[in-house]
Every structure is written in structure tokens, then in C-alpha cells.
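Novice: Below is the structure I would like to discuss, written out as C-alpha cells.
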Amino acid sequence: MIRIPICPACAEPVADQPAQAWTGAYRSRNWWWHLTDNTPICPGVDGSRSQAVLVEEGLPADTQASAWLDAMSELFTIGGPYDPARLGSAVTAAEHLYRWLHTATGPFSALTALPTPSDVAFLVGHLHRTNRLLARIHAQAGAYVLDQARQPQFTGLTDDSDLHDEVIATADDIHAWLQEAADACAQAAQTVGAAWSDTRKLTALTTAAPSGQADHDVPATDTDHDPTSAHAAPEPSDTHEPSPAQLAELVGSAFGDEASFSPELTRTATRILGTLTMYLSNCLGPARPAAIATPQDLADLTTSLTHLTHSFHTSLRQAVEHAAPHDTTGLDTTHVAALHAALTQASDALRHAALNLGKASYHAAGLDLPQDQP
């Protein structure tokens with residue numbers, strides 16, 4: 001569970017540093033500042049400086065992922081180890097997680113990944129905390145480069161080298177750029193902090209507790225906090241999660257030749273297709289070394305994409321040539337003609353793409369094109 005500090009008086013999130021110190025060395029004095037306006041925490045009833053109260057702000061636990069989350073926490077502890085290989089692993093993991101977040105916040109996936117204001121508030125809080133960390137990481141990295149540029153063991157150059165002065169000047173530029181980036185991250189953290197406050201208010205307005213107040217209206221301490229059922233971890237299921245192959249079979253059955261049809265199912269199929277399309281684009285992009293490991297994998301993928309694109313072309317052409325009357329209800333003749341023209345052009349483009357994907361699949365498999373193809 002993520003635990004966040006909030007002001008006991010106004011229930012606003014607080015930080016143990018003022019915003020202007022977010023890019024400097026971490027020196028907490030147990031003084032707290034509101035994220036929304038960078039003002040000190042509200043005073044206590046006796047006028048003295050208050051201390052923040054920790055509350056849990058979590059989502060339902062994913063029992064399938066909890067095991068590797070525990071392993072991650074052991075691999076990347078504050079105590080190290082610190083070496084290039086571990087840094088490389090951390091960066092790789094972060095890259096994948098942020099790409100997952102990018103997809104999860106998209107127009108299709110967000111419907112399932114962020115179904116409630118509480119889920120959005122959890123994510124926005126993460127973005128605020130991450131921006132604060134990034135601000136300090138940028139600043140520390142820039143200071144490190146500038147300091148180490150003068151060390152022969154870092155640059156491999158001696159003080160009397162012809163390149164020494166140029167290296168120092170370049171390191172100074174790097175430091176300046178990274179400090180500017182750190183300031184930008186700190187500013188982003190401030191802005192996201194205000195957005196986080198508002199999303200928490202949105203959650204409070206849309207999620208009423210039994211007493212008539214929202215969960216976040218009354219701060220909970222470490223000892224008296226009892227997570228609500230909405231945030232409790234689900235009970236482990238007796239059945240195993242379906243494998244990717246089983247899940248594909250389920251989708252194939254739900255949307256097979258004998259499936260029923262409705263606007264709701266069409267929207268569901270579109271969301272699934274959008275998610276799969278994003279996954280395929282990642283397979284062709286940053287995940288390509290792992291997802292497409294051999295020329296045969298590329299040949300298989302292009303063959304599948306050929307069939308998929310050709311199917312879309314054929315279906316779209318049928319939609320143009322045999323349009324349903326209700327497709328254009330309420331549109332004037334100008335818009336109807338423009339709609340049909342645009343769909344025709346899209347169908348032609350898909351046909352062209354399918355032809356080229358077919359050629360690509362032959363070449364990827366090391367085969368010559370059939371004689372009837374140019």
C-alpha cells in the first residue's frame with residue numbers, strides 16, 4: 001500500500017520540503033508544506049506546527065503480480081547494490097512500466113484501468129511523486145557529471161590533455177541542461193500536486209461514506225486506519241488466470257461467427273482491438289528484440305497483418321457499397337457524399353497496405369514473389 005502524508009486539519013496532501021527545495025539535497029526537518037500552494041501545514045489547535053498524518057491511498061492488490069513486486073522491492077532497495085548492471089535493469093523496468101502506463105491511460109484501456117475517480121487520484125498522486133523524484137535525479141546526475149569530469153578515472157584524460165578543457169566545458173553544459181530539466185520537473189510536480197488535490201476532491205464528491213462524508217474527509221492514522229472495502233485486496237480466486245492462449249480462445253469464442261451482435265459488443269470489440277493494436281505497435285517498436293526474435297517471427301507477423309488488413313479493406317468496402325440507411329440518418333447529401341468518399345479512400349489505402357504487407361511476408365520468409373505479382 002502507498003501511504004501519503006496529509007494535513008490533519010484540511011486533509012490536503014503535504015510534502016516535507018518546500019517546492020523550491022525539490023531539486024536540492026534532501027534535508028527534512030519534519031516540517032510540512034501543502035502541495036496546492038506551497039504554504040506551511042495548518043497549525044494545530046494550540047497554534048503549534050502540526051505533523052502530517054499518514055493515510056493509505058491504494059488500489060486493489062493484484063495477487064498475480066504481488067510476488068514479483070516483492071522481488072522488485074528486494075532487488076532495488078535503498079541499500080543497493082549499485083552497479084551499472086543493476087542500473088540498466090532498473091531503467092529497463094521503468095521503461096516498460098511507463099510504456100504500460102501510457103497504454104493504460106489511452107482512450108480504450110483507461111476504461112478498465114481507471115474506472116473510478118479514486119483510481120485516477122491514485123495515478124495522479126504517483127505522477128506527482130515521480131516528478132519530484134525526477135527533479136532530484138536530474139539535479140544529482142548533472143552535479144555528478146560536472147564533478148566527475150575533472151577526474152581522470154572518469155574521463156580517461158589527464159589534466160594536460162588537449163581535450164581536457166573541452167570536456168569540462170561540455171560537462172558544464174550538461175549540468176546546466178540537467179538543472180534546467182530538474183527545475184522543469186519540480187514545476188511539473190507542483191502543477192500535478194494541484195491536480196492531485198483536485199482529483200482527491202473529485203473522489204470525495206463522488207464516493208460517499210456511510211456517514212455521509214467521503215473517505216478522505218477524516219484523516220486516519222497508522223493505528224486506526226481501516227481500509228474501506230473499495231480498496232481492500234480481493235480474495236485470491238480458486239481458479240487460475242487464463243493464459244494468453246486461453247484468453248485468445250475466449251475472445252475468439254465471444255466474437256466468432258456464431259456470436260450475437262449489438263452496439264455494446266461492437267464497442268467492446270473496438271476497445272479490445274485498440275489495446276491489441278497498441279500491443280502490436282510496441283512489438284514492432286521498443287519491444288521488437290523480445291517480441292520478434294527471428295526472421296521467421298517477422299514473416300509470421302507480416303502474414304497475419306496481411307490477412308487482418310485485407311479483412312478490414314474488404315469489410316470497409318462492403319460498408320461503402322452496401323451502406324445501411326440508418327448510417328447516414330440526419331446527414332445532408334453533401335456530408336453523405338463526403339463520408340462515402342472518405343471511406344472509399346480509406347478502403348483503397350488498406351488494400352494498398354495489404355498488398356505491400358503480403359510482399360513483405362514473402363521477403364521476410366526468404367521467398368520470391370509469385371509470378372503474378374509485381
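By order of appearance in the C-alpha cells: chains A, B, ..., then residues from 1 within every chain, and ligands from 1 in the order shown.
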Would you please extract all strand (DSSP E or B) residues from stretch 29-179 of chain A, as assigned by DSSP on the backbone, and give them as JSON, numbers by chain?
Specialist: {"A": [33, 34, 40, 53, 54, 55, 56, 77, 80]}
Novice: Go through A:Ser347, A:Thr116, A:Thr302, A:Ser50 one by one, measure the shortest atom-to-atom distance of each to A:Leu202 using only C-alpha atoms, and give the residue with the smallest value.
Specialist: A:Thr116
Novice: Write out as a list in words each polymer residue whose atoms come within 6 Å of A:Leu146, counting only C-alpha atoms; drop sequence neighbours fewer than 3 positions from it.
Specialist: Ala143, Ala149, Ala171 and Asp172 of chain A
Novice: Could you save the residues just selected, with C-alpha atoms, as a short mmCIF file (atom, residue, chain, number, x, y, z; two decimals), in the first residue's frame?
Specialist:
data_model
loop_
_atom_site.label_atom_id
_atom_site.label_comp_id
_atom_site.auth_asym_id
_atom_site.auth_seq_id
_atom_site.Cartn_x
_atom_site.Cartn_y
_atom_site.Cartn_z
CA ALA A 143 26.14 17.65 -10.41
CA ALA A 149 34.53 15.39 -15.44
CA ALA A 171 30.20 18.75 -18.65
CA ASP A 172 29.28 22.29 -17.57
#
Novice: Work out how far apart atom CA of A:Ala194 and atom CA of A:Leu178 are and give it in Å to one decimal.
Specialist: 24.4 Å
Novice: What does the distance from atom CA of A:Met278 to atom CA of A:Leu101 come to in Å, to one decimal?
Specialist: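 So the two atoms, atom CA of A:Met278 and atom CA of A:Leu101, lie 12.1 Å apart.
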Novice: What is the distance, in Å and to one decimal place, between atom CA of A:Thr36 and atom CA of A:Gly193?
Specialist: 6.1 Å
Novice: Write down as a list in words the residues of stretch 37-73 of chain A whose backbone DSSP state falls under helix (DSSP H, G or I).
Specialist: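 These are the residues in question: Thr63, Gln64, Ala65, Ser66, Ala67, Trp68, Leu69, Asp70, Ala71, Met72 and Ser73 of chain A.
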Novice: Which residue gives the smallest distance to A:Cys7 among A:Pro117, A:Glu74, A:Ser197, A:Glu180, with only C-alpha atoms counted?
Specialist: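 Of the candidates, the smallest distance to A:Cys7 is held by A:Ser197.
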Novice: For a quick check of understanding, using only C-alpha atoms, which of A:Lys201, A:Ala337, A:Gly330, A:Ala299 has the smallest distance to A:Lys359?
Specialist: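 Closest to A:Lys359 of all the choices is A:Ala299.
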Novice: If we count only C-alpha atoms, what is near stretch 130-142 of chain A at a cut-off of 12 Å, once residues fewer than 5 positions away on the same chain are taken out, given as a count of residues only?
Specialist: 45
